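Have a look at target-v1.txt below; it lists compact mmCIF, C-alpha atoms.
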```txt
# COMPACT_ATOMS: atom_id res chain seq x y z
CA MET A 1 3.94 2.89 34.70
CA ASP A 2 1.73 -0.11 35.31
CA GLN A 3 1.70 -3.43 33.52
CA ARG A 4 -0.99 -2.46 31.00
CA ASP A 5 0.73 0.74 29.97
CA ARG A 6 3.99 -1.09 29.52
CA ARG A 7 2.31 -3.61 27.23
CA THR A 8 0.71 -0.81 25.20
CA LEU A 9 4.14 0.69 24.70
CA LEU A 10 6.21 -2.44 24.14
CA ASP A 11 3.88 -4.79 22.26
CA PRO A 12 4.22 -3.01 18.91
CA LEU A 13 8.00 -3.46 19.00
CA ILE A 14 8.19 -7.21 18.37
CA ASP A 15 4.93 -9.01 19.03
CA ASN A 16 2.61 -6.73 17.12
CA ASN A 17 4.97 -4.79 14.93
CA PRO A 18 3.13 -2.38 12.61
CA ILE A 19 5.26 -3.26 9.60
CA THR A 20 5.83 -6.98 9.85
CA LEU A 21 2.51 -8.05 11.36
CA GLN A 22 -0.11 -5.36 10.90
CA ILE A 23 1.08 -4.64 7.33
CA LEU A 24 0.76 -0.92 7.90
CA GLY A 25 2.94 1.89 6.66
CA LEU A 26 5.13 -0.02 4.29
CA CYS A 27 5.14 2.59 1.57
CA SER A 28 7.61 4.95 3.15
CA ALA A 29 9.44 2.25 5.08
CA LEU A 30 11.17 0.96 2.00
CA ALA A 31 12.02 4.11 0.14
CA VAL A 32 14.05 5.89 2.80
CA THR A 33 16.25 3.05 3.99
CA THR A 34 19.21 3.43 1.62
CA THR A 35 21.18 5.10 4.42
CA VAL A 36 20.85 5.03 8.20
CA ALA A 37 20.64 8.82 8.36
CA THR A 38 17.53 9.04 6.17
CA ALA A 39 15.97 6.09 7.99
CA LEU A 40 16.60 7.81 11.34
CA THR A 41 15.15 11.13 10.20
CA MET A 42 12.09 9.43 8.78
CA SER A 43 11.65 7.43 11.99
CA VAL A 44 11.79 10.55 14.13
CA ALA A 45 9.36 12.37 11.82
CA LEU A 46 6.87 9.52 11.79
CA THR A 47 7.09 8.83 15.52
CA THR A 48 6.49 12.51 16.26
CA VAL A 49 3.47 12.73 13.99
CA LEU A 50 2.07 9.43 15.21
CA THR A 51 2.43 10.21 18.92
CA PHE A 52 0.97 13.68 18.73
CA SER A 53 -1.86 12.82 16.37
CA ALA A 54 -2.85 9.92 18.64
CA GLY A 55 -2.81 12.28 21.63
CA ILE A 56 -4.76 15.04 19.91
CA ILE A 57 -7.38 12.71 18.41
CA SER A 58 -7.79 10.98 21.73
CA ALA A 59 -8.31 14.29 23.50
CA LEU A 60 -10.90 15.30 20.90
CA ARG A 61 -12.55 11.91 20.61
CA ASN A 62 -15.70 12.80 22.53
CA HIS A 63 -16.26 15.94 20.48
CA ILE A 64 -15.84 14.49 17.00
CA PRO A 65 -19.13 13.56 15.30
CA ARG A 66 -18.85 9.98 14.05
CA SER A 67 -19.81 10.82 10.52
CA VAL A 68 -16.91 13.20 9.88
CA ARG A 69 -14.26 11.56 12.05
CA LEU A 70 -11.97 10.48 9.21
CA ILE A 71 -11.88 13.97 7.76
CA VAL A 72 -11.07 15.41 11.19
CA GLN A 73 -8.33 12.82 11.64
CA ILE A 74 -6.80 13.49 8.24
CA THR A 75 -6.86 17.23 8.92
CA VAL A 76 -5.09 16.82 12.26
CA ILE A 77 -2.52 14.46 10.76
CA SER A 78 -1.82 16.62 7.74
CA SER A 79 -1.35 19.72 9.91
CA LEU A 80 1.22 17.85 12.00
CA VAL A 81 2.97 16.57 8.88
CA LEU A 82 3.05 20.09 7.46
CA MET A 83 4.77 21.30 10.64
CA VAL A 84 7.35 18.49 10.61
CA ASP A 85 8.03 19.16 6.93
CA GLU A 86 8.49 22.89 7.52
CA VAL A 87 10.86 22.24 10.45
CA LEU A 88 12.93 19.88 8.30
CA GLN A 89 13.09 22.41 5.49
CA ALA A 90 14.15 25.11 7.91
CA TYR A 91 16.83 23.23 9.84
CA ALA A 92 17.90 20.33 7.60
CA VAL A 93 17.53 21.35 3.98
CA GLU A 94 19.83 18.63 2.68
CA MET A 95 17.93 15.89 4.50
CA SER A 96 14.60 17.31 3.43
CA LYS A 97 15.73 17.14 -0.22
CA ARG A 98 16.90 13.56 0.16
CA LEU A 99 13.60 12.47 1.70
CA SER A 100 11.80 14.27 -1.15
CA VAL A 101 8.08 13.58 -1.04
CA PHE A 102 8.22 10.85 1.57
CA VAL A 103 7.80 13.12 4.58
CA SER A 104 4.63 14.53 3.06
CA LEU A 105 3.45 11.01 2.39
CA ILE A 106 3.25 10.37 6.14
CA VAL A 107 -0.27 11.79 5.72
CA THR A 108 -1.38 8.71 3.83
CA ASN A 109 0.76 6.37 5.89
CA CYS A 110 -1.70 3.79 7.07
CA ILE A 111 0.04 3.41 10.45
CA VAL A 112 -1.04 6.87 11.50
CA LEU A 113 -4.64 6.62 10.39
CA GLY A 114 -4.78 3.00 11.52
CA ARG A 115 -3.69 3.83 15.06
CA THR A 116 -5.80 6.98 15.45
CA GLU A 117 -8.87 5.22 14.04
CA GLY A 118 -8.22 1.86 15.67
CA PHE A 119 -6.89 2.91 19.06
CA ALA A 120 -6.98 6.60 19.91
CA MET A 121 -10.69 6.94 19.13
CA GLN A 122 -11.48 4.48 21.94
CA HIS A 123 -8.81 5.13 24.55
CA GLY A 124 -7.66 7.86 26.92
CA VAL A 125 -4.97 10.39 26.13
CA LYS A 126 -2.15 8.77 28.09
CA ARG A 127 -2.61 5.31 26.64
CA SER A 128 -3.07 6.70 23.14
CA LEU A 129 0.18 8.62 23.46
CA LEU A 130 1.94 5.44 24.61
CA ASP A 131 0.38 3.43 21.80
CA GLY A 132 1.44 6.03 19.24
CA LEU A 133 4.95 6.10 20.64
CA GLY A 134 5.17 2.29 20.73
CA ASN A 135 4.03 1.88 17.15
CA GLY A 136 6.36 4.66 16.06
CA LEU A 137 9.25 2.86 17.75
CA GLY A 138 8.24 -0.48 16.20
CA TYR A 139 8.27 1.16 12.78
CA SER A 140 11.60 2.83 13.55
CA LEU A 141 13.13 -0.47 14.64
CA VAL A 142 12.47 -2.14 11.28
CA LEU A 143 13.46 0.96 9.34
CA ILE A 144 16.78 1.37 11.12
CA LEU A 145 17.66 -2.34 10.87
CA VAL A 146 17.01 -2.33 7.13
CA GLY A 147 18.88 0.98 6.84
CA ILE A 148 21.92 -0.46 8.64
CA VAL A 149 22.11 -3.50 6.34
CA ARG A 150 21.61 -1.49 3.17
CA GLU A 151 24.11 1.23 4.01
CA LEU A 152 26.73 -1.19 5.36
CA LEU A 153 26.61 -3.55 2.39
CA GLY A 154 25.76 -0.95 -0.21
CA SER A 155 28.44 1.62 0.51
CA GLY A 156 30.51 0.21 3.39
CA THR A 157 29.60 3.03 5.78
CA LEU A 158 27.36 3.62 8.78
CA LEU A 159 25.92 7.12 9.25
CA GLY A 160 28.52 8.25 6.71
CA LEU A 161 31.50 6.87 8.66
CA THR A 162 33.62 4.25 6.88
CA VAL A 163 33.29 0.78 8.39
CA PHE A 164 34.48 -1.36 5.50
CA PRO A 165 37.20 0.46 3.50
CA LEU A 166 36.15 0.33 -0.17
CA ALA A 167 38.26 -1.46 -2.78
CA ALA A 168 38.10 1.69 -4.88
CA ASP A 169 39.92 3.60 -2.08
CA GLY A 170 42.57 0.93 -1.51
CA GLY A 171 40.57 -1.15 1.02
CA TRP A 172 39.16 -4.62 0.53
CA PHE A 173 35.38 -4.17 0.40
CA GLN A 174 33.53 -4.43 -2.89
CA PRO A 175 30.16 -2.72 -2.31
CA LEU A 176 26.97 -4.44 -3.44
CA ALA A 177 25.32 -1.93 -5.73
CA LEU A 178 22.07 -3.90 -5.52
CA MET A 179 21.69 -2.84 -1.89
CA LEU A 180 21.20 0.76 -2.98
CA MET A 181 18.47 -0.15 -5.46
CA PRO A 182 14.75 -0.66 -4.74
CA PRO A 183 14.56 -4.50 -4.97
CA SER A 184 16.87 -5.03 -2.02
CA ALA A 185 14.45 -3.24 0.31
CA PHE A 186 11.69 -5.70 -0.55
CA LEU A 187 13.99 -8.70 -0.26
CA LEU A 188 15.46 -7.56 3.08
CA ILE A 189 12.06 -6.93 4.66
CA GLY A 190 10.91 -10.32 3.33
CA LEU A 191 13.90 -12.04 4.94
CA PHE A 192 13.41 -10.01 8.12
CA ILE A 193 9.79 -11.17 8.38
CA TRP A 194 10.91 -14.75 7.76
CA ALA A 195 13.47 -14.57 10.55
CA LEU A 196 11.03 -12.90 12.96
CA ARG A 197 8.31 -15.47 12.32
CA THR A 198 10.66 -18.38 12.69
CA TRP A 199 11.60 -16.95 16.09
CA ARG A 200 8.03 -16.00 17.13
CA ARG A 201 6.05 -18.87 15.66
CA ALA A 202 2.71 -17.41 16.79
CA GLN A 203 2.99 -14.86 13.98
CA ILE A 204 2.99 -17.45 11.20
CA GLU A 205 0.05 -16.98 8.85
CA PRO A 206 -2.19 -19.95 8.10
CA SER A 207 -1.24 -21.10 4.63
CA GLU A 208 -4.54 -21.39 2.79
CA LEU A 209 -6.87 -18.56 3.73
CA PRO A 210 -8.92 -17.12 0.88
CA GLU A 211 -8.11 -13.60 2.03
CA SER A 212 -6.05 -12.69 5.05
CA ALA A 213 -8.77 -12.05 7.60
CA LEU A 214 -6.84 -9.32 9.38
CA VAL A 215 -6.02 -7.27 6.31
CA LEU A 216 -9.45 -7.62 4.83
CA SER A 217 -11.27 -6.63 7.97
CA GLU A 218 -9.01 -3.62 8.38
CA THR A 219 -9.38 -2.41 4.82
CA GLU A 220 -13.10 -2.95 5.02
CA ALA A 221 -13.38 -1.04 8.26
CA LEU A 222 -11.41 1.81 6.75
CA ARG A 223 -13.50 1.76 3.58
CA ASP A 224 -16.80 1.68 5.39
CA GLY A 225 -15.74 4.47 7.69
CA LEU A 226 -14.62 6.58 4.77
CA THR A 227 -17.78 6.02 2.79
CA ARG A 228 -19.90 6.87 5.78
CA SER A 229 -17.94 9.96 6.69
CA VAL A 230 -18.05 11.36 3.18
CA ARG A 231 -21.74 10.77 2.71
CA MET B 232 10.16 16.82 -22.48
CA ASP B 233 8.75 14.39 -25.00
CA LEU B 234 5.31 13.42 -23.72
CA LEU B 235 5.38 9.86 -24.98
CA ALA B 236 8.76 9.25 -23.36
CA LEU B 237 7.37 10.62 -20.09
CA PHE B 238 4.43 8.24 -20.39
CA VAL B 239 6.63 5.18 -20.96
CA ASP B 240 9.00 6.29 -18.19
CA ALA B 241 6.11 6.56 -15.75
CA ILE B 242 5.05 2.99 -16.53
CA PHE B 243 8.36 1.16 -16.54
CA VAL B 244 11.24 3.15 -15.12
CA ASP B 245 9.55 5.27 -12.46
CA ASN B 246 6.99 2.63 -11.55
CA LEU B 247 5.26 3.97 -8.45
CA ALA B 248 4.90 0.59 -6.79
CA LEU B 249 8.16 -1.09 -7.68
CA SER B 250 10.63 1.82 -7.67
CA PHE B 251 9.08 4.24 -5.21
CA PHE B 252 7.24 1.77 -2.98
CA LEU B 253 4.02 3.74 -3.09
CA GLY B 254 0.69 2.17 -2.27
CA ILE B 255 2.38 -1.00 -1.10
CA CYS B 256 -0.11 -1.67 1.69
CA THR B 257 -3.01 -1.93 -0.75
CA PHE B 258 -0.68 -3.56 -3.25
CA LEU B 259 -0.01 -6.50 -0.93
CA ALA B 260 -3.49 -6.68 0.58
CA VAL B 261 -5.49 -6.79 -2.65
CA SER B 262 -3.34 -8.99 -4.86
CA ARG B 263 -4.57 -12.46 -4.06
CA THR B 264 -6.59 -13.03 -7.20
CA VAL B 265 -6.19 -11.58 -10.67
CA SER B 266 -9.83 -10.49 -10.92
CA THR B 267 -9.77 -8.27 -7.82
CA ALA B 268 -6.37 -6.94 -8.86
CA LEU B 269 -7.81 -5.96 -12.25
CA GLY B 270 -10.65 -4.05 -10.57
CA LEU B 271 -8.25 -2.26 -8.26
CA GLY B 272 -5.87 -1.52 -11.14
CA ALA B 273 -8.65 0.01 -13.22
CA ALA B 274 -9.73 2.15 -10.27
CA VAL B 275 -6.17 3.38 -9.74
CA ILE B 276 -5.78 4.30 -13.43
CA LEU B 277 -9.06 6.19 -13.35
CA VAL B 278 -8.41 8.09 -10.13
CA GLN B 279 -4.78 8.83 -10.99
CA SER B 280 -5.65 10.19 -14.47
CA VAL B 281 -8.13 12.60 -12.93
CA THR B 282 -6.40 13.70 -9.71
CA VAL B 283 -2.94 14.44 -11.08
CA PRO B 284 -4.15 16.93 -13.73
CA VAL B 285 -6.67 18.48 -11.30
CA ASN B 286 -3.99 18.92 -8.66
CA ASN B 287 -1.75 20.37 -11.34
CA LEU B 288 -4.36 23.06 -12.00
CA VAL B 289 -4.79 23.65 -8.26
CA HIS B 290 -1.05 23.97 -7.81
CA ARG B 291 -0.44 26.34 -10.70
CA HIS B 292 -3.52 28.53 -10.39
CA LEU B 293 -4.08 28.69 -6.63
CA LEU B 294 -0.87 27.89 -4.79
CA ALA B 295 2.25 28.70 -6.79
CA GLU B 296 4.01 31.98 -6.19
CA GLY B 297 2.40 34.69 -8.28
CA ALA B 298 -0.81 32.75 -8.84
CA TRP B 299 -2.74 35.52 -7.13
CA SER B 300 -1.13 38.40 -9.01
CA TRP B 301 -4.40 39.10 -10.87
CA ALA B 302 -5.91 39.97 -7.48
CA GLY B 303 -3.09 42.36 -6.71
CA LEU B 304 -1.20 39.90 -4.51
CA PRO B 305 1.89 39.02 -6.59
CA THR B 306 4.03 37.90 -3.65
CA VAL B 307 1.62 35.44 -2.09
CA ASP B 308 3.07 31.93 -2.10
CA LEU B 309 0.76 29.29 -0.73
CA THR B 310 2.71 26.19 -1.71
CA TYR B 311 3.07 25.17 1.93
CA LEU B 312 -0.68 24.55 2.01
CA GLY B 313 -0.36 22.15 -0.90
CA LEU B 314 -0.43 18.92 1.03
CA MET B 315 -3.77 19.61 2.71
CA LEU B 316 -5.36 20.82 -0.51
CA TYR B 317 -4.17 17.83 -2.56
CA ILE B 318 -5.59 15.40 -0.03
CA GLY B 319 -8.86 17.30 -0.06
CA VAL B 320 -8.98 17.33 -3.87
CA ILE B 321 -8.25 13.60 -3.99
CA ALA B 322 -10.99 12.77 -1.49
CA ALA B 323 -13.45 14.97 -3.38
CA VAL B 324 -12.53 13.56 -6.79
CA VAL B 325 -12.88 10.01 -5.50
CA GLN B 326 -16.30 10.80 -4.11
CA VAL B 327 -17.51 12.47 -7.31
CA LEU B 328 -16.13 9.65 -9.44
CA GLU B 329 -17.98 7.15 -7.33
CA MET B 330 -21.26 8.98 -7.74
CA VAL B 331 -20.79 9.41 -11.49
CA LEU B 332 -19.91 5.74 -11.95
CA ASP B 333 -22.83 4.67 -9.80
CA ARG B 334 -25.25 6.77 -11.85
CA TYR B 335 -24.00 6.24 -15.42
CA PHE B 336 -21.82 3.12 -15.47
CA PRO B 337 -23.30 0.70 -12.93
CA THR B 338 -21.38 -2.32 -14.26
CA LEU B 339 -18.08 -0.50 -13.97
CA HIS B 340 -19.09 0.66 -10.53
CA ARG B 341 -19.66 -2.91 -9.42
CA THR B 342 -16.16 -3.99 -10.47
CA MET B 343 -14.17 -1.13 -9.03
CA GLY B 344 -16.59 0.64 -6.72
CA LEU B 345 -15.32 -1.34 -3.78
CA PHE B 346 -11.83 0.11 -4.14
CA LEU B 347 -12.57 3.73 -4.92
CA PRO B 348 -12.96 5.03 -1.34
CA LEU B 349 -9.84 3.14 -0.30
CA LEU B 350 -7.83 5.04 -2.87
CA ALA B 351 -8.49 8.36 -1.14
CA VAL B 352 -5.86 7.41 1.42
CA ASN B 353 -3.54 5.52 -0.89
CA CYS B 354 -0.03 6.90 -1.04
CA ALA B 355 0.35 6.06 -4.74
CA ILE B 356 -2.36 8.58 -5.55
CA LEU B 357 -1.04 11.32 -3.28
CA GLY B 358 2.53 10.44 -4.31
CA GLY B 359 1.65 10.92 -7.98
CA SER B 360 0.43 14.44 -7.25
CA LEU B 361 3.44 15.26 -5.08
CA PHE B 362 5.91 14.04 -7.72
CA MET B 363 4.05 16.09 -10.30
CA VAL B 364 4.58 19.20 -8.16
CA GLU B 365 8.20 18.37 -7.29
CA ARG B 366 9.12 17.82 -10.93
CA ASP B 367 7.25 20.93 -12.01
CA TYR B 368 5.16 19.35 -14.77
CA GLY B 369 2.98 21.47 -17.05
CA PHE B 370 -0.65 20.56 -17.64
CA ALA B 371 -0.10 18.29 -20.68
CA GLU B 372 2.78 16.55 -18.94
CA SER B 373 0.68 16.00 -15.85
CA VAL B 374 -2.04 14.29 -17.91
CA PHE B 375 0.46 11.88 -19.45
CA TYR B 376 2.20 11.33 -16.13
CA GLY B 377 -1.10 10.68 -14.36
CA VAL B 378 -2.26 8.07 -16.86
CA GLY B 379 1.19 6.50 -17.15
CA SER B 380 1.81 6.15 -13.44
CA GLY B 381 -1.67 4.69 -12.98
CA VAL B 382 -1.08 2.14 -15.74
CA GLY B 383 2.30 1.23 -14.26
CA TRP B 384 0.84 0.63 -10.81
CA ALA B 385 -2.06 -1.38 -12.24
CA ALA B 386 0.28 -3.52 -14.34
CA ALA B 387 2.41 -4.27 -11.30
CA VAL B 388 -0.54 -5.30 -9.12
CA VAL B 389 -2.05 -7.55 -11.79
CA LEU B 390 1.32 -9.22 -12.41
CA LEU B 391 1.81 -9.81 -8.69
CA ALA B 392 -1.68 -11.29 -8.37
CA GLY B 393 -0.93 -13.67 -11.23
CA ILE B 394 2.25 -14.85 -9.55
CA ARG B 395 0.55 -15.25 -6.19
CA GLU B 396 -2.24 -17.32 -7.68
CA LYS B 397 0.36 -19.76 -9.00
CA LEU B 398 2.26 -19.75 -5.71
CA ARG B 399 -0.76 -20.88 -3.75
CA TYR B 400 0.20 -24.48 -4.38
CA ALA B 401 3.91 -24.02 -3.68
CA ASP B 402 5.39 -25.55 -0.55
CA VAL B 403 7.20 -22.69 1.12
CA PRO B 404 8.84 -22.58 4.58
CA GLU B 405 6.31 -21.80 7.30
CA GLY B 406 7.76 -18.46 8.32
CA LEU B 407 7.42 -17.20 4.76
CA HIS B 408 3.69 -17.83 4.43
CA GLY B 409 1.74 -14.84 3.25
CA LEU B 410 3.47 -11.53 3.76
CA GLY B 411 7.08 -12.72 3.77
CA LEU B 412 6.80 -14.52 0.46
CA SER B 413 4.92 -11.61 -1.12
CA PHE B 414 7.80 -9.33 -0.24
CA ILE B 415 10.35 -11.65 -1.83
CA VAL B 416 8.21 -11.96 -4.97
CA VAL B 417 7.77 -8.19 -5.21
CA GLY B 418 11.54 -7.81 -4.76
CA LEU B 419 12.20 -10.12 -7.69
CA MET B 420 9.58 -8.32 -9.79
CA SER B 421 11.21 -5.02 -8.96
CA LEU B 422 14.52 -6.53 -10.07
CA GLY B 423 12.86 -7.49 -13.34
CA PHE B 424 11.56 -3.96 -13.84
CA LEU B 425 15.09 -2.61 -13.26
CA ALA B 426 16.05 -4.37 -16.47
CA LEU B 427 13.61 -2.07 -18.25
CA ALA B 428 15.42 1.02 -16.98
CA ASP B 429 17.01 1.55 -20.37
CA VAL B 430 13.73 1.47 -22.25
CA ARG B 431 13.71 4.94 -23.76
CA LEU B 432 11.79 6.35 -26.66
CA GLY B 433 13.44 8.69 -29.12
```
How does this structure look as structure tokens?
Amino acid sequence: MDQRDRRTLLDPLIDNNPITLQILGLCSALAVTTTVATALTMSVALTTVLTFSAGIISALRNHIPRSVRLIVQITVISSLVLMVDEVLQAYAVEMSKRLSVFVSLIVTNCIVLGRTEGFAMQHGVKRSLLDGLGNGLGYSLVLILVGIVRELLGSGTLLGLTVFPLAADGGWFQPLALMLMPPSAFLLIGLFIWALRTWRRAQIEPSELPESALVLSETEALRDGLTRSVR
Amino acid sequence: MDLLALFVDAIFVDNLALSFFLGICTFLAVSRTVSTALGLGAAVILVQSVTVPVNNLVHRHLLAEGAWSWAGLPTVDLTYLGLMLYIGVIAAVVQVLEMVLDRYFPTLHRTMGLFLPLLAVNCAILGGSLFMVERDYGFAESVFYGVGSGVGWAAAVVLLAGIREKLRYADVPEGLHGLGLSFIVVGLMSLGFLALADVRLG
């Protein structure tokens, strides 16, 4: 693996993380992090979909007419999501119930469409696969970290194994019920971004921009593409 | 289930943005000023109130088990195709809405037209339809749920925009600029909405 490939794979982990810097794919990231197990399953599901959709789109990129490319991409992505969902329902019914609609929502997860539209449409199959995998891993990293904190502090366990014996069972740990509720996910990711940006100062946003240039240009690109493809 | 209670629940208790984290990407990206947030909110209410009932009809009359019994196919169950069909319906509805607004309500189209195409790939919209299927709502319920969840999302985005406008002049630590601070604010808002969890009608 040469230098460029390694960068494609590793950059999205810290320096260009899809969640903390590109602001992509937050929707599902927060909802499934109450336990490490759900976070892990979701990470695997998303990474699979992302890697394969990037590969498939990249392989097809010279045959897709520009005007319908978003529809083609959404079709490819939703077929992959359907397959992942069916596999989960077949082999892990419990988990599939706990993830409820969030596996299906990978379809509208902006990471997937963002990477296929922004990267796979312009690059070869191998690099697109690496880029998909890297972004999937970057997403997984944040998800699993948040999952670890929430499960550990919220119920004193990790992957269902007791780490802190609960006061209710004769131990010493009083669980923080807040950690199992929605607000804690927002707060934890906020703190996580703060920590990351204090460490990597290059990621700090300029304080007084009328609209964040990055987000705006991305949404606009997506919007324009969509309008064009539908017309 | 009491329809009005369902409506209020969808706004406050089951708020799509603050309790289920749906549509958060758009939520954070388009909440810098109250005026844009209002346009986006209105678009979400409109799209949500149309797509959820339409997808409800699609689900019950095309996909659910037994939906094809009139054609002599009582055992056909197409629910696994749901996801692809809902996305298609949403994209189509958004497109039709845009054309109708453009033709008959040009002023309205100018305020929210910008956001309509974006909503085709917004997880709050797809999530609304998926929750409707998962919870097995009837047609009337789906109408109330669609409007309610749209209103809830819109309320949350307008509130966040209001807070962010005030925060522009606050002196926050460098690492928190922009995204980090938004997350903390949304977390506190979500905490506030938790206090409404006991709001029940009847």
Problem set entry | Residues within 6 Å of segment 78-93 of chain A, all atoms listed in the file, excluding chain neighbours under 3 positions, as a list of chain:residue names |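 Near segment 78-93 of chain A, the qualifying residues are A:Val49, A:Ile74, A:Thr75, A:Ser96, A:Val107.
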Kindly save the residues from that selection, with C-alpha atoms included, as a PDB file, in the coordinates of the input.
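Contents of part15.pdb, freshly written:
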```
ATOM      1  CA  VAL A  49       3.470  12.730  13.990  1.00  0.00           C
ATOM      2  CA  ILE A  74      -6.800  13.490   8.240  1.00  0.00           C
ATOM      3  CA  THR A  75      -6.860  17.230   8.920  1.00  0.00           C
ATOM      4  CA  SER A  96      14.600  17.310   3.430  1.00  0.00           C
ATOM      5  CA  VAL A 107      -0.270  11.790   5.720  1.00  0.00           C
TER       6      VAL A 107
END
```
Problem set entry | Nearby residues (all atoms listed in the file) at most 7 Å from segment 388-402 of chain B, same-chain spacing under 6 positions excluded, as a ChimeraX atom specification | /B:258,262-265,268-269,272
For this session: Find, counting all atoms listed in the file, the residue in B:Val261, B:Leu288, B:Ala298, B:Ala385 that gets nearest to chain A.
Result: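 Among the listed residues, B:Val261 lies closest to chain A.
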For this session: Tell me which of B:Val416, B:Ala322, B:Ala371, B:Val327 sits closest to Pro284 of chain B, counting only C-alpha atoms.
Result: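 Among B:Val416, B:Ala322, B:Ala371, B:Val327, it is B:Ala371 that comes nearest to Pro284 of chain B.
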For this session: Using only C-alpha atoms, determine which residues of chain A fall within 6 Å of chain B; present them as a VMD selection string.
Result: chain A and resid 27 108 182 to 183 186 to 187 190 193 to 194 197 to 198 204 to 205 207 223
Go ahead and write the selection's residues with C-alpha atoms as a PDB file, in the coordinates of the input.
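Once written, result.pdb looks like this:
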```pdb
ATOM      1  CA  CYS A  27       5.140   2.590   1.570  1.00  0.00           C
ATOM      2  CA  THR A 108      -1.380   8.710   3.830  1.00  0.00           C
ATOM      3  CA  PRO A 182      14.750  -0.660  -4.740  1.00  0.00           C
ATOM      4  CA  PRO A 183      14.560  -4.500  -4.970  1.00  0.00           C
ATOM      5  CA  PHE A 186      11.690  -5.700  -0.550  1.00  0.00           C
ATOM      6  CA  LEU A 187      13.990  -8.700  -0.260  1.00  0.00           C
ATOM      7  CA  GLY A 190      10.910 -10.320   3.330  1.00  0.00           C
ATOM      8  CA  ILE A 193       9.790 -11.170   8.380  1.00  0.00           C
ATOM      9  CA  TRP A 194      10.910 -14.750   7.760  1.00  0.00           C
ATOM     10  CA  ARG A 197       8.310 -15.470  12.320  1.00  0.00           C
ATOM     11  CA  THR A 198      10.660 -18.380  12.690  1.00  0.00           C
ATOM     12  CA  ILE A 204       2.990 -17.450  11.200  1.00  0.00           C
ATOM     13  CA  GLU A 205       0.050 -16.980   8.850  1.00  0.00           C
ATOM     14  CA  SER A 207      -1.240 -21.100   4.630  1.00  0.00           C
ATOM     15  CA  ARG A 223     -13.500   1.760   3.580  1.00  0.00           C
TER      16      ARG A 223
END
```
Enclose all atoms of segment 405-417 of chain B listed in the file in an axis-aligned box, grow every side by 8 Å, and hand back centre and edge lengths in Å to one decimal, as lines of an AutoDock Vina configuration file.
```
center_x = 6.0
center_y = -15.0
center_z = 1.6
size_x = 24.6
size_y = 29.6
size_z = 29.5
```
For this session: Name the residues, using the chain letters and numbers of the file, that sit within 12 Å of (5.7, -4.0, 19.2) when counting only C-alpha atoms, and give them as a PyMOL selection string.
Result: chain A and resi 6-22+130-142
Selected residues written out with C-alpha atoms, as a PDB file, in the coordinates of the input:
```pdb
ATOM      1  CA  ARG A   6       3.990  -1.090  29.520  1.00  0.00           C
ATOM      2  CA  ARG A   7       2.310  -3.610  27.230  1.00  0.00           C
ATOM      3  CA  THR A   8       0.710  -0.810  25.200  1.00  0.00           C
ATOM      4  CA  LEU A   9       4.140   0.690  24.700  1.00  0.00           C
ATOM      5  CA  LEU A  10       6.210  -2.440  24.140  1.00  0.00           C
ATOM      6  CA  ASP A  11       3.880  -4.790  22.260  1.00  0.00           C
ATOM      7  CA  PRO A  12       4.220  -3.010  18.910  1.00  0.00           C
ATOM      8  CA  LEU A  13       8.000  -3.460  19.000  1.00  0.00           C
ATOM      9  CA  ILE A  14       8.190  -7.210  18.370  1.00  0.00           C
ATOM     10  CA  ASP A  15       4.930  -9.010  19.030  1.00  0.00           C
ATOM     11  CA  ASN A  16       2.610  -6.730  17.120  1.00  0.00           C
ATOM     12  CA  ASN A  17       4.970  -4.790  14.930  1.00  0.00           C
ATOM     13  CA  PRO A  18       3.130  -2.380  12.610  1.00  0.00           C
ATOM     14  CA  ILE A  19       5.260  -3.260   9.600  1.00  0.00           C
ATOM     15  CA  THR A  20       5.830  -6.980   9.850  1.00  0.00           C
ATOM     16  CA  LEU A  21       2.510  -8.050  11.360  1.00  0.00           C
ATOM     17  CA  GLN A  22      -0.110  -5.360  10.900  1.00  0.00           C
ATOM     18  CA  LEU A 130       1.940   5.440  24.610  1.00  0.00           C
ATOM     19  CA  ASP A 131       0.380   3.430  21.800  1.00  0.00           C
ATOM     20  CA  GLY A 132       1.440   6.030  19.240  1.00  0.00           C
ATOM     21  CA  LEU A 133       4.950   6.100  20.640  1.00  0.00           C
ATOM     22  CA  GLY A 134       5.170   2.290  20.730  1.00  0.00           C
ATOM     23  CA  ASN A 135       4.030   1.880  17.150  1.00  0.00           C
ATOM     24  CA  GLY A 136       6.360   4.660  16.060  1.00  0.00           C
ATOM     25  CA  LEU A 137       9.250   2.860  17.750  1.00  0.00           C
ATOM     26  CA  GLY A 138       8.240  -0.480  16.200  1.00  0.00           C
ATOM     27  CA  TYR A 139       8.270   1.160  12.780  1.00  0.00           C
ATOM     28  CA  SER A 140      11.600   2.830  13.550  1.00  0.00           C
ATOM     29  CA  LEU A 141      13.130  -0.470  14.640  1.00  0.00           C
ATOM     30  CA  VAL A 142      12.470  -2.140  11.280  1.00  0.00           C
TER      31      VAL A 142
END
```
Problem set entry | Distance criterion (all atoms listed in the file): nearest to Ile148 of chain A out of A:Arg66, A:Gly160, A:Ile111, A:Ser53 | A:Gly160
Exercise. So which one's closest to Gly270 of chain B, B:Met343, B:Ala386, B:Ala295, B:Val325? Using all atoms listed in the file, please.
Worked result: B:Met343
For this session: Quote the spacing between atom CA of Ser380 of chain B and atom CA of Ile242 of chain B in Å to one decimal place.
Result: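 These two atoms are separated by 5.5 Å.
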Exercise. Looking at all atoms listed in the file, which of B:Met363, B:Val289, B:Ser280, B:Val324 is the one that sits closest to Leu309 of chain B?
Worked result: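 Ranking B:Met363, B:Val289, B:Ser280, B:Val324 by distance to Leu309 of chain B, first place goes to B:Val289.
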